[in-house]
file run-v8.cif (mmCIF, C-alpha atoms)
data_query
#
loop_
_atom_site.group_PDB
_atom_site.id
_atom_site.type_symbol
_atom_site.label_atom_id
_atom_site.label_comp_id
_atom_site.auth_asym_id
_atom_site.auth_seq_id
_atom_site.Cartn_x
_atom_site.Cartn_y
_atom_site.Cartn_z
ATOM 1 C CA MET T 1 113.143 78.536 95.143
ATOM 2 C CA ILE T 2 113.298 76.093 92.255
ATOM 3 C CA GLY T 3 110.283 74.827 90.358
ATOM 4 C CA PRO T 4 108.385 74.923 87.062
ATOM 5 C CA ASN T 5 106.419 77.913 85.825
ATOM 6 C CA GLY T 6 103.161 78.370 87.698
ATOM 7 C CA SER T 7 104.283 76.621 90.880
ATOM 8 C CA GLY T 8 104.015 79.750 93.051
ATOM 9 C CA LYS T 9 107.601 81.007 93.232
ATOM 10 C CA THR T 10 106.743 84.585 92.282
ATOM 11 C CA ASN T 11 103.806 84.576 94.722
ATOM 12 C CA LEU T 12 106.241 83.964 97.569
ATOM 13 C CA LEU T 13 108.393 86.935 96.533
ATOM 14 C CA GLU T 14 105.283 89.062 96.082
ATOM 15 C CA SER T 15 104.049 88.282 99.584
ATOM 16 C CA ILE T 16 107.404 89.303 101.099
ATOM 17 C CA PHE T 17 107.397 92.532 99.089
ATOM 18 C CA PHE T 18 103.771 93.311 100.026
ATOM 19 C CA LEU T 19 104.577 92.873 103.702
ATOM 20 C CA SER T 20 107.295 95.510 103.293
ATOM 21 C CA ILE T 21 105.430 98.257 101.418
ATOM 22 C CA LEU T 22 101.735 97.230 101.193
ATOM 23 C CA ARG T 23 102.033 97.211 97.406
ATOM 24 C CA SER T 24 102.489 94.542 94.770
ATOM 25 C CA PHE T 25 105.273 94.725 92.201
ATOM 26 C CA ARG T 26 102.924 93.128 89.621
ATOM 27 C CA THR T 27 99.726 95.160 89.782
ATOM 28 C CA VAL T 28 98.232 98.368 91.160
ATOM 29 C CA ASN T 29 94.873 96.644 91.755
ATOM 30 C CA TYR T 30 94.784 94.847 95.105
ATOM 31 C CA ARG T 31 91.814 92.772 93.882
ATOM 32 C CA ASP T 32 94.144 90.976 91.492
ATOM 33 C CA LEU T 33 95.955 89.592 94.540
ATOM 34 C CA VAL T 34 92.941 87.846 96.038
ATOM 35 C CA ARG T 35 92.486 84.255 94.886
ATOM 36 C CA SER T 36 89.381 83.833 92.713
ATOM 37 C CA ASP T 37 87.600 81.576 95.215
ATOM 38 C CA SER T 38 88.439 83.781 98.236
ATOM 39 C CA LYS T 39 87.209 87.048 99.710
ATOM 40 C CA ALA T 40 90.519 88.161 101.234
ATOM 41 C CA PHE T 41 94.145 87.300 101.823
ATOM 42 C CA GLU T 42 96.428 87.483 104.843
ATOM 43 C CA ILE T 43 100.202 87.607 105.135
ATOM 44 C CA HIS T 44 102.150 86.919 108.321
ATOM 45 C CA GLY T 45 105.857 87.513 108.813
ATOM 46 C CA LEU T 46 108.321 87.121 111.644
ATOM 47 C CA LEU T 47 111.316 89.470 111.622
ATOM 48 C CA HIS T 48 114.414 88.422 113.497
ATOM 49 C CA GLY T 49 116.144 91.645 114.527
ATOM 50 C CA GLU T 50 119.403 91.978 116.373
ATOM 51 C CA SER T 51 117.697 91.882 119.769
ATOM 52 C CA VAL T 52 113.955 91.321 119.186
ATOM 53 C CA LYS T 53 111.553 89.293 117.113
ATOM 54 C CA GLU T 54 108.709 91.230 115.540
ATOM 55 C CA LYS T 55 105.485 89.832 114.104
ATOM 56 C CA LEU T 56 103.905 91.523 111.094
ATOM 57 C CA HIS T 57 100.388 90.785 109.870
ATOM 58 C CA VAL T 58 98.387 92.196 106.937
ATOM 59 C CA PHE T 59 94.746 91.466 106.113
ATOM 60 C CA GLN T 60 93.352 92.662 102.752
ATOM 61 C CA SER T 61 89.784 91.983 101.612
ATOM 62 C CA PHE T 62 88.467 91.988 98.056
ATOM 63 C CA SER T 63 86.080 94.804 99.052
ATOM 64 C CA GLY T 64 88.990 97.054 99.984
ATOM 65 C CA MET T 65 89.119 96.728 103.760
ATOM 66 C CA ARG T 66 92.669 96.505 105.022
ATOM 67 C CA ARG T 67 94.112 95.930 108.491
ATOM 68 C CA PHE T 68 97.750 95.751 109.523
ATOM 69 C CA PHE T 69 99.405 94.856 112.790
ATOM 70 C CA ILE T 70 102.838 94.973 114.384
ATOM 71 C CA GLY T 71 102.735 92.404 117.151
ATOM 72 C CA GLN T 72 99.299 92.707 118.747
ATOM 73 C CA ASN T 73 98.925 96.395 117.886
ATOM 74 C CA GLN T 74 96.662 97.357 114.993
ATOM 75 C CA LEU T 75 97.901 100.486 113.228
ATOM 76 C CA SER T 76 95.614 103.148 111.796
ATOM 77 C CA ARG T 77 97.984 104.559 109.163
ATOM 78 C CA SER T 78 99.755 102.591 106.464
ATOM 79 C CA SER T 79 102.713 104.991 106.664
ATOM 80 C CA ASP T 80 103.365 103.674 110.199
ATOM 81 C CA PHE T 81 103.557 100.100 108.903
ATOM 82 C CA VAL T 82 105.580 100.277 105.698
ATOM 83 C CA ASN T 83 109.330 99.832 105.774
ATOM 84 C CA GLU T 84 109.477 97.826 108.999
ATOM 85 C CA PHE T 85 111.869 96.007 106.730
ATOM 86 C CA ARG T 86 112.902 97.041 103.241
ATOM 87 C CA ALA T 87 112.800 94.864 100.173
ATOM 88 C CA VAL T 88 113.972 95.465 96.602
ATOM 89 C CA VAL T 89 112.712 93.259 93.795
ATOM 90 C CA PHE T 90 114.295 92.356 90.448
ATOM 91 C CA VAL T 91 111.787 90.921 87.959
ATOM 92 C CA PRO T 92 111.775 90.391 84.165
ATOM 93 C CA GLU T 93 108.990 92.988 83.852
ATOM 94 C CA ASP T 94 111.458 95.674 84.989
ATOM 95 C CA ARG T 95 112.336 96.147 81.314
ATOM 96 C CA PHE T 96 109.016 97.981 80.901
ATOM 97 C CA ILE T 97 110.356 100.780 83.128
ATOM 98 C CA CYS T 98 112.617 101.616 80.194
ATOM 99 C CA SER T 99 110.605 100.427 77.196
ATOM 100 C CA GLY T 100 106.969 100.677 78.320
ATOM 101 C CA ASN T 101 104.588 103.595 78.652
ATOM 102 C CA SER T 102 104.913 106.398 81.198
ATOM 103 C CA SER T 103 102.880 104.605 83.885
ATOM 104 C CA TYR T 104 105.741 102.137 84.479
ATOM 105 C CA ARG T 105 108.241 104.948 85.116
ATOM 106 C CA ARG T 106 105.860 106.884 87.354
ATOM 107 C CA ARG T 107 105.210 103.734 89.368
ATOM 108 C CA PHE T 108 108.931 103.033 89.737
ATOM 109 C CA PHE T 109 109.669 106.536 91.032
ATOM 110 C CA ASP T 110 106.527 106.794 93.177
ATOM 111 C CA MET T 111 107.291 103.551 94.990
ATOM 112 C CA LEU T 112 110.936 104.507 95.407
ATOM 113 C CA ILE T 113 110.314 108.042 96.708
ATOM 114 C CA SER T 114 107.456 106.914 98.969
ATOM 115 C CA ARG T 115 109.855 104.592 100.774
ATOM 116 C CA LEU T 116 112.356 107.375 101.350
ATOM 117 C CA ASP T 117 110.028 110.294 102.105
ATOM 118 C CA ARG T 118 106.890 109.907 104.235
ATOM 119 C CA GLU T 119 105.641 113.348 103.238
ATOM 120 C CA TYR T 120 105.747 112.339 99.583
ATOM 121 C CA PHE T 121 103.807 109.162 100.424
ATOM 122 C CA SER T 122 101.090 111.266 102.103
ATOM 123 C CA ASP T 123 101.038 113.981 99.423
ATOM 124 C CA LEU T 124 100.715 111.410 96.648
ATOM 125 C CA ALA T 125 97.814 109.654 98.387
ATOM 126 C CA ALA T 126 96.075 112.992 99.042
ATOM 127 C CA TYR T 127 96.560 114.102 95.434
ATOM 128 C CA TYR T 128 95.031 110.937 93.984
ATOM 129 C CA ARG T 129 92.094 111.073 96.412
ATOM 130 C CA ALA T 130 91.332 114.641 95.319
ATOM 131 C CA LEU T 131 91.854 113.725 91.660
ATOM 132 C CA MET T 132 89.431 110.801 91.914
ATOM 133 C CA GLN T 133 86.798 113.005 93.561
ATOM 134 C CA ARG T 134 87.245 115.774 90.984
ATOM 135 C CA ASN T 135 87.008 113.346 88.072
ATOM 136 C CA LYS T 136 83.852 111.892 89.606
ATOM 137 C CA ALA T 137 82.401 115.399 89.914
ATOM 138 C CA LEU T 138 83.260 116.109 86.261
ATOM 139 C CA LYS T 139 81.222 113.053 85.240
ATOM 140 C CA ILE T 140 78.090 113.773 87.271
ATOM 141 C CA THR T 141 77.721 117.584 87.405
ATOM 142 C CA ASP T 142 78.453 120.771 85.488
ATOM 143 C CA LYS T 143 78.521 122.913 88.651
ATOM 144 C CA GLN T 144 81.889 124.613 88.532
ATOM 145 C CA ASP T 145 81.931 125.442 92.251
ATOM 146 C CA VAL T 146 81.791 121.710 93.068
ATOM 147 C CA ILE T 147 84.498 120.839 90.541
ATOM 148 C CA SER T 148 86.710 123.771 91.534
ATOM 149 C CA SER T 149 86.547 122.904 95.236
ATOM 150 C CA PHE T 150 89.298 120.331 94.618
ATOM 151 C CA ASN T 151 91.568 122.623 92.584
ATOM 152 C CA LEU T 152 93.621 124.155 95.386
ATOM 153 C CA GLU T 153 94.525 120.817 96.952
ATOM 154 C CA LEU T 154 95.454 119.426 93.527
ATOM 155 C CA ALA T 155 97.683 122.427 92.856
ATOM 156 C CA GLU T 156 99.433 122.328 96.245
ATOM 157 C CA LYS T 157 100.117 118.590 96.132
ATOM 158 C CA ALA T 158 101.079 118.498 92.438
ATOM 159 C CA ILE T 159 103.796 121.117 92.898
ATOM 160 C CA LYS T 160 105.316 119.243 95.840
ATOM 161 C CA ILE T 161 105.144 115.942 93.941
ATOM 162 C CA ALA T 162 106.851 117.425 90.873
ATOM 163 C CA GLU T 163 109.635 118.933 92.984
ATOM 164 C CA LYS T 164 110.497 115.602 94.582
ATOM 165 C CA ARG T 165 110.164 113.621 91.360
ATOM 166 C CA ARG T 166 112.665 115.970 89.711
ATOM 167 C CA LYS T 167 115.009 115.757 92.719
ATOM 168 C CA TYR T 168 115.046 111.948 92.854
ATOM 169 C CA ALA T 169 115.271 111.603 89.085
ATOM 170 C CA LYS T 170 118.594 113.446 89.278
ATOM 171 C CA ILE T 171 119.784 111.286 92.191
ATOM 172 C CA VAL T 172 118.904 108.061 90.347
ATOM 173 C CA GLU T 173 120.579 109.356 87.173
ATOM 174 C CA GLN T 174 123.829 109.971 89.059
ATOM 175 C CA LEU T 175 123.755 106.559 90.771
ATOM 176 C CA VAL T 176 123.061 104.701 87.518
ATOM 177 C CA ASN T 177 125.950 106.451 85.789
ATOM 178 C CA LEU T 178 128.293 105.452 88.611
ATOM 179 C CA LYS T 179 127.178 101.838 88.371
ATOM 180 C CA MET T 180 127.369 101.752 84.587
ATOM 181 C CA LYS T 181 131.149 102.069 84.786
ATOM 182 C CA SER T 182 131.364 98.513 86.123
ATOM 183 C CA PHE T 183 128.974 97.055 83.542
ATOM 184 C CA ALA T 184 129.072 99.049 80.291
ATOM 185 C CA ASP T 185 130.460 102.195 78.703
ATOM 186 C CA PHE T 186 127.597 104.601 78.076
ATOM 187 C CA SER T 187 126.101 107.698 79.685
ATOM 188 C CA PHE T 188 122.562 107.891 81.017
ATOM 189 C CA ASP T 189 120.230 110.897 81.379
ATOM 190 C CA ILE T 190 116.769 111.306 82.919
ATOM 191 C CA LYS T 191 114.565 114.237 81.907
ATOM 192 C CA PHE T 192 111.551 114.790 84.118
ATOM 193 C CA GLU T 193 108.569 116.026 82.086
ATOM 194 C CA CYS T 194 105.407 117.663 83.463
ATOM 195 C CA ASP T 195 102.630 119.544 81.651
ATOM 196 C CA TYR T 196 101.710 122.167 84.268
ATOM 197 C CA PRO T 197 103.154 125.333 85.860
ATOM 198 C CA GLU T 198 104.993 124.602 89.091
ATOM 199 C CA ASP T 199 103.453 127.457 91.058
ATOM 200 C CA ILE T 200 99.989 127.516 92.615
ATOM 201 C CA GLY T 201 98.693 130.551 90.719
ATOM 202 C CA GLY T 202 99.836 129.223 87.379
ATOM 203 C CA TYR T 203 98.429 125.745 88.081
ATOM 204 C CA LEU T 204 95.008 127.129 89.044
ATOM 205 C CA ALA T 205 94.982 129.361 85.961
ATOM 206 C CA GLU T 206 95.743 126.355 83.757
ATOM 207 C CA LEU T 207 92.833 124.441 85.289
ATOM 208 C CA ASP T 208 90.555 127.393 84.535
ATOM 209 C CA LYS T 209 91.706 127.412 80.898
ATOM 210 C CA LEU T 210 90.928 123.716 80.586
ATOM 211 C CA ARG T 211 87.475 123.969 82.166
ATOM 212 C CA VAL T 212 85.461 123.470 78.952
ATOM 213 C CA ARG T 213 87.613 120.613 77.605
ATOM 214 C CA GLU T 214 87.554 118.838 80.968
ATOM 215 C CA SER T 215 83.750 119.106 81.105
ATOM 216 C CA ILE T 216 83.570 117.427 77.700
ATOM 217 C CA LYS T 217 86.115 114.693 78.467
ATOM 218 C CA HIS T 218 84.943 114.228 82.097
ATOM 219 C CA CYS T 219 88.474 114.020 83.489
ATOM 220 C CA THR T 220 91.302 116.236 84.731
ATOM 221 C CA LEU T 221 93.696 117.009 81.885
ATOM 222 C CA ILE T 222 96.843 118.109 83.734
ATOM 223 C CA GLY T 223 98.732 116.844 86.751
ATOM 224 C CA PRO T 224 101.239 114.298 88.088
ATOM 225 C CA GLN T 225 99.118 111.432 86.749
ATOM 226 C CA LEU T 226 100.466 112.435 83.309
ATOM 227 C CA ASP T 227 104.125 113.085 84.222
ATOM 228 C CA ASP T 228 106.879 111.161 82.467
ATOM 229 C CA PHE T 229 110.591 110.482 82.858
ATOM 230 C CA ASP T 230 112.449 110.394 79.534
ATOM 231 C CA PHE T 231 115.480 108.067 79.572
ATOM 232 C CA ASP T 232 118.400 108.702 77.182
ATOM 233 C CA ILE T 233 121.557 106.650 76.558
ATOM 234 C CA ASN T 234 124.379 108.560 74.882
ATOM 235 C CA GLY T 235 121.891 111.284 73.953
ATOM 236 C CA LYS T 236 119.376 108.961 72.284
ATOM 237 C CA ALA T 237 115.942 107.994 73.590
ATOM 238 C CA VAL T 238 116.013 104.559 75.201
ATOM 239 C CA ARG T 239 112.508 103.655 74.024
ATOM 240 C CA ASN T 240 113.370 104.312 70.369
ATOM 241 C CA PHE T 241 117.033 103.382 69.993
ATOM 242 C CA ALA T 242 118.205 101.097 72.812
ATOM 243 C CA SER T 243 118.834 97.423 72.080
ATOM 244 C CA ASN T 244 117.167 94.666 74.103
ATOM 245 C CA GLY T 245 120.477 94.102 75.878
ATOM 246 C CA GLN T 246 120.805 97.773 76.811
ATOM 247 C CA ILE T 247 117.215 97.894 78.081
ATOM 248 C CA ARG T 248 117.756 94.773 80.171
ATOM 249 C CA LEU T 249 120.989 96.149 81.629
ATOM 250 C CA LEU T 250 119.559 99.608 82.283
ATOM 251 C CA SER T 251 116.529 98.201 84.105
ATOM 252 C CA LEU T 252 118.953 96.266 86.304
ATOM 253 C CA MET T 253 120.938 99.441 87.024
ATOM 254 C CA LEU T 254 117.767 101.281 88.037
ATOM 255 C CA ARG T 255 116.957 98.572 90.573
ATOM 256 C CA LEU T 256 120.520 98.576 91.894
ATOM 257 C CA ALA T 257 120.254 102.353 92.342
ATOM 258 C CA GLU T 258 117.022 101.738 94.264
ATOM 259 C CA LEU T 259 118.848 99.170 96.395
ATOM 260 C CA ASP T 260 121.475 101.767 97.308
ATOM 261 C CA LEU T 261 118.861 104.345 98.257
ATOM 262 C CA VAL T 262 116.429 102.207 100.257
ATOM 263 C CA GLY T 263 119.306 100.290 101.808
ATOM 264 C CA ALA T 264 121.003 103.380 103.229
ATOM 265 C CA GLY T 265 121.387 102.818 106.964
ATOM 266 C CA CYS T 266 119.960 99.290 106.881
ATOM 267 C CA LYS T 267 120.372 95.943 105.164
ATOM 268 C CA PRO T 268 117.440 95.299 102.838
ATOM 269 C CA ILE T 269 116.059 92.038 101.537
ATOM 270 C CA VAL T 270 116.650 91.332 97.836
ATOM 271 C CA LEU T 271 114.085 89.410 95.782
ATOM 272 C CA VAL T 272 115.326 88.117 92.408
ATOM 273 C CA ASP T 273 112.685 86.531 90.189
ATOM 274 C CA ASP T 274 114.487 84.461 87.541
ATOM 275 C CA VAL T 275 116.329 87.421 85.948
ATOM 276 C CA THR T 276 119.927 86.220 86.233
ATOM 277 C CA GLY T 277 119.445 83.862 83.291
ATOM 278 C CA GLU T 278 119.056 86.887 81.016
ATOM 279 C CA LEU T 279 122.576 88.129 81.827
ATOM 280 C CA ASP T 280 125.868 87.047 80.335
ATOM 281 C CA CYS T 281 128.467 85.571 82.695
ATOM 282 C CA PHE T 282 130.355 88.848 83.199
ATOM 283 C CA ASN T 283 127.295 90.942 84.052
ATOM 284 C CA ARG T 284 125.794 88.165 86.172
ATOM 285 C CA GLU T 285 128.916 88.142 88.345
ATOM 286 C CA ARG T 286 128.832 91.944 88.643
ATOM 287 C CA PHE T 287 125.169 91.759 89.632
ATOM 288 C CA LEU T 288 125.724 89.099 92.297
ATOM 289 C CA GLU T 289 128.594 91.149 93.726
ATOM 290 C CA SER T 290 126.352 94.243 93.810
ATOM 291 C CA ILE T 291 123.724 92.563 96.000
ATOM 292 C CA GLU T 292 126.175 90.686 98.221
ATOM 293 C CA SER T 293 125.704 93.048 101.192
ATOM 294 C CA ALA T 294 121.920 92.502 101.386
ATOM 295 C CA ASP T 295 120.572 91.012 104.615
ATOM 296 C CA GLN T 296 118.770 88.153 102.866
ATOM 297 C CA LYS T 297 118.475 87.185 99.209
ATOM 298 C CA PHE T 298 115.610 85.194 97.725
ATOM 299 C CA PHE T 299 116.068 83.815 94.198
ATOM 300 C CA THR T 300 113.660 81.914 91.967
ATOM 301 C CA PHE T 301 114.731 79.568 89.149
ATOM 302 C CA THR T 302 112.865 77.157 86.902
ATOM 303 C CA GLU T 303 115.837 74.790 87.224
ATOM 304 C CA ARG T 304 119.048 74.688 89.217
ATOM 305 C CA PRO T 305 121.534 77.190 87.732
ATOM 306 C CA ASP T 306 125.150 76.266 87.043
ATOM 307 C CA PHE T 307 126.462 79.309 88.903
ATOM 308 C CA MET T 308 124.734 78.563 92.234
ATOM 309 C CA LYS T 309 127.287 79.345 94.922
ATOM 310 C CA PRO T 310 127.977 77.562 98.213
ATOM 311 C CA GLY T 311 125.602 78.911 100.844
ATOM 312 C CA PHE T 312 122.469 78.793 98.729
ATOM 313 C CA GLN T 313 119.683 76.967 100.545
ATOM 314 C CA GLU T 314 117.660 75.168 97.907
ATOM 315 C CA ILE T 315 113.875 74.750 98.270
ATOM 316 C CA ARG T 316 111.786 72.921 95.709
ATOM 317 C CA ALA T 317 108.549 74.780 94.976
ATOM 318 C CA GLY T 318 105.520 72.632 95.688
ATOM 319 C CA ASN T 319 107.419 70.328 98.046
ATOM 320 C CA ASN T 320 107.842 72.675 101.031
#
call {"tool": "encode", "arguments": {"input": "run-v8.cif", "output": "structure tokens"}}
result
Amino acid sequence: MIGPNGSGKTNLLESIFFLSILRSFRTVNYRDLVRSDSKAFEIHGLLHGESVKEKLHVFQSFSGMRRFFIGQNQLSRSSDFVNEFRAVVFVPEDRFICSGNSSYRRRFFDMLISRLDREYFSDLAAYYRALMQRNKALKITDKQDVISSFNLELAEKAIKIAEKRRKYAKIVEQLVNLKMKSFADFSFDIKFECDYPEDIGGYLAELDKLRVRESIKHCTLIGPQLDDFDFDINGKAVRNFASNGQIRLLSLMLRLAELDLVGAGCKPIVLVDDVTGELDCFNRERFLESIESADQKFFTFTERPDFMKPGFQEIRAGNN
């Protein structure tokens, strides 16, 4: 897709990605995806499999109502819809995974793990539902029995979430280090950080200790919503010491590691939003080689790049 800024190229990639995982790669708020003069949006897709064609359809309203269909069948659970096909996106904002605050890293790992582990997807949703209800209770009542009624579910889900975040952080660390050998000469480490005991008794005891402070602040003060993943290159913190070039390259490696993981056993779709222009010729060639095995590749450019290979089908944004 070639066209000027603001012509809708990223929207196309976003719609493909949303149809894969029911999430945006730009925002956590679905309301941001609804056009200002509309009350809802719909996305339709037609998958051409080896032997069948499959229709996918998502309806999302501004009020929060969501419906999703495979063919004519409406599904009741989002976990039954996601990953009918798998998509991995490369966007300039990926640099914030390395250089931004902890929410970017949590989002990266949560979306990755949720696509690989349905139980994690369910546990994460259940944890945040209980957290939202507990925080609401902290704001409207001082009755400890009401507030504490959510504690056990928070503890059970938080421990399972932390276990899988630590597991996949190690897997991603190993994959990135393997890939780095083709691009650059430095070692990469991920340290998973959480602020709570990883056993139910200890977690519940910590919530009891925080009871007074939480009543004052009206929010839950421990849990996976505060976890972080510290990234180090050659023993130094990426956020404090890495150059812009290292951050750009590392964010690319993280997405390539994601591509390996979500693409295991299938050929995913790759969505590349105008990021190749940030790479030098050597690393651009390595990147293009790394995504060569993808089923389909969608690129966006503001103008036709010099390196465009034979086989690219060019579409002018706004004209088609």
call {"tool": "axis_aligned_box", "arguments": {"input": "run-v8.cif", "around": "region 164-175 of chain T", "padding_each_side": "5 Å", "output": "lines of an AutoDock Vina configuration file"}}
result
center_x = 117.0
center_y = 111.3
center_z = 90.9
size_x = 23.7
size_y = 19.4
size_z = 17.4
call {"tool": "closest_atom_pairs", "arguments": {"input": "run-v8.cif", "of": "region 254-277 of chain T", "to": "region 98-115 of chain T", "cutoff": "9 Å", "atoms": "all atoms listed in the file", "output": "JSON lines"}}
result
{"residue": "T:Glu258", "atom": "CA", "partner": "T:Leu112", "partner_atom": "CA", "distance": 6.8}
{"residue": "T:Leu261", "atom": "CA", "partner": "T:Leu112", "partner_atom": "CA", "distance": 8.4}
{"residue": "T:Val262", "atom": "CA", "partner": "T:Arg115", "partner_atom": "CA", "distance": 7.0}
call {"tool": "closest_residue", "arguments": {"input": "run-v8.cif", "among": "T:Asp228, T:Glu84, T:Asp32, T:Asp142", "to": "His57 (chain T)", "atoms": "all atoms listed in the file"}}
result
T:Glu84
call {"tool": "closest_residue", "arguments": {"input": "run-v8.cif", "among": "T:Lys53, T:Arg86, T:Arg284, T:Lys170", "to": "Leu22 (chain T)", "atoms": "all atoms listed in the file"}}
result
T:Arg86
call {"tool": "resolve_selection", "arguments": {"input": "run-v8.cif", "expression": "the PyMOL selection byres ((chain T and resi 184) around 12)", "output": "list in words"}}
result
Val176, Asn177, Leu178, Lys179, Met180, Lys181, Ser182, Phe183, Asp185, Phe186, Ser187, Phe188, Ile233, Asn234, Gly245, Gln246, Leu249, Leu250, Met253, Phe282, Asn283 and Arg286 of chain T
call {"tool": "resolve_selection", "arguments": {"input": "run-v8.cif", "expression": "the PyMOL selection byres ((chain T and resi 229) around 6)", "output": "ChimeraX atom specification"}}
result
/T:191-193,228,230
call {"tool": "atom_distance", "arguments": {"input": "run-v8.cif", "atom1": "CA of Gly202 (chain T)", "atom2": "CA of Thr141 (chain T)"}}
result
25.0 Å
call {"tool": "closest_residue", "arguments": {"input": "run-v8.cif", "among": "T:Gln60, T:Ser251, T:Gln225, T:Gln133", "to": "Val146 (chain T)", "atoms": "only C-alpha atoms"}}
result
T:Gln133
call {"tool": "residues_near_point", "arguments": {"input": "run-v8.cif", "point": "(85.6, 94.7, 97.5)", "cutoff": "10 Å", "atoms": "all atoms listed in the file", "output": "number ranges by chain"}}
result
T: 30-31, 39-40, 60-65
call {"tool": "resolve_selection", "arguments": {"input": "run-v8.cif", "expression": "the PyMOL selection byres ((chain T and resi 271-278) around 10)", "output": "ChimeraX atom specification"}}
result
/T:1-2,9-10,12-14,16-17,87-94,245,248-249,252,268-270,279-281,283-285,287-288,296-303,305,307
call {"tool": "decode", "arguments": {"input": "run-v8.cif", "residues": "region 218-271 of chain T", "atoms": "C-alpha atoms", "output": "compact mmCIF listing (two decimals), in the first residue's frame"}}
result
# COMPACT_ATOMS: atom_id res chain seq x y z
CA HIS T 218 -9.09 3.55 46.31
CA CYS T 219 -7.19 1.04 44.17
CA THR T 220 -5.41 -2.31 44.41
CA LEU T 221 -1.70 -1.77 45.03
CA ILE T 222 -0.20 -5.11 44.00
CA GLY T 223 -0.72 -7.48 41.10
CA PRO T 224 0.07 -8.25 37.45
CA GLN T 225 -1.19 -4.81 36.40
CA LEU T 226 2.09 -3.49 37.86
CA ASP T 227 4.49 -6.16 36.55
CA ASP T 228 7.44 -5.15 34.39
CA PHE T 229 10.01 -6.78 32.12
CA ASP T 230 13.46 -5.19 32.42
CA PHE T 231 15.48 -5.39 29.18
CA ASP T 232 19.31 -5.34 29.31
CA ILE T 233 21.86 -5.26 26.48
CA ASN T 234 25.36 -6.36 27.47
CA GLY T 235 24.36 -5.98 31.12
CA LYS T 236 23.07 -2.41 30.81
CA ALA T 237 19.45 -1.27 30.99
CA VAL T 238 18.04 -0.66 27.52
CA ARG T 239 15.87 2.27 28.64
CA ASN T 240 18.85 4.15 30.09
CA PHE T 241 21.82 3.23 27.90
CA ALA T 242 20.70 1.87 24.52
CA SER T 243 21.11 4.04 21.42
CA ASN T 244 18.19 4.79 19.11
CA GLY T 245 19.63 2.30 16.63
CA GLN T 246 19.85 -0.44 19.25
CA ILE T 247 16.28 0.22 20.43
CA ARG T 248 15.00 0.11 16.86
CA LEU T 249 16.84 -3.13 16.15
CA LEU T 250 15.83 -4.76 19.43
CA SER T 251 12.15 -3.95 18.89
CA LEU T 252 12.44 -5.62 15.49
CA MET T 253 14.01 -8.71 17.07
CA LEU T 254 11.18 -8.95 19.60
CA ARG T 255 8.62 -8.98 16.79
CA LEU T 256 10.62 -11.56 14.84
CA ALA T 257 10.68 -13.74 17.97
CA GLU T 258 6.90 -13.32 18.14
CA LEU T 259 6.67 -14.34 14.49
CA ASP T 260 8.55 -17.56 15.25
CA LEU T 261 6.30 -18.39 18.18
CA VAL T 262 2.88 -17.59 16.72
CA GLY T 263 3.92 -19.02 13.36
CA ALA T 264 4.83 -22.44 14.75
CA GLY T 265 2.79 -25.00 12.83
CA CYS T 266 1.22 -22.43 10.50
CA LYS T 267 2.10 -19.64 8.11
CA PRO T 268 1.12 -16.29 9.60
CA ILE T 269 0.35 -13.01 7.90
CA VAL T 270 2.95 -10.25 8.33
CA LEU T 271 1.91 -6.60 8.51
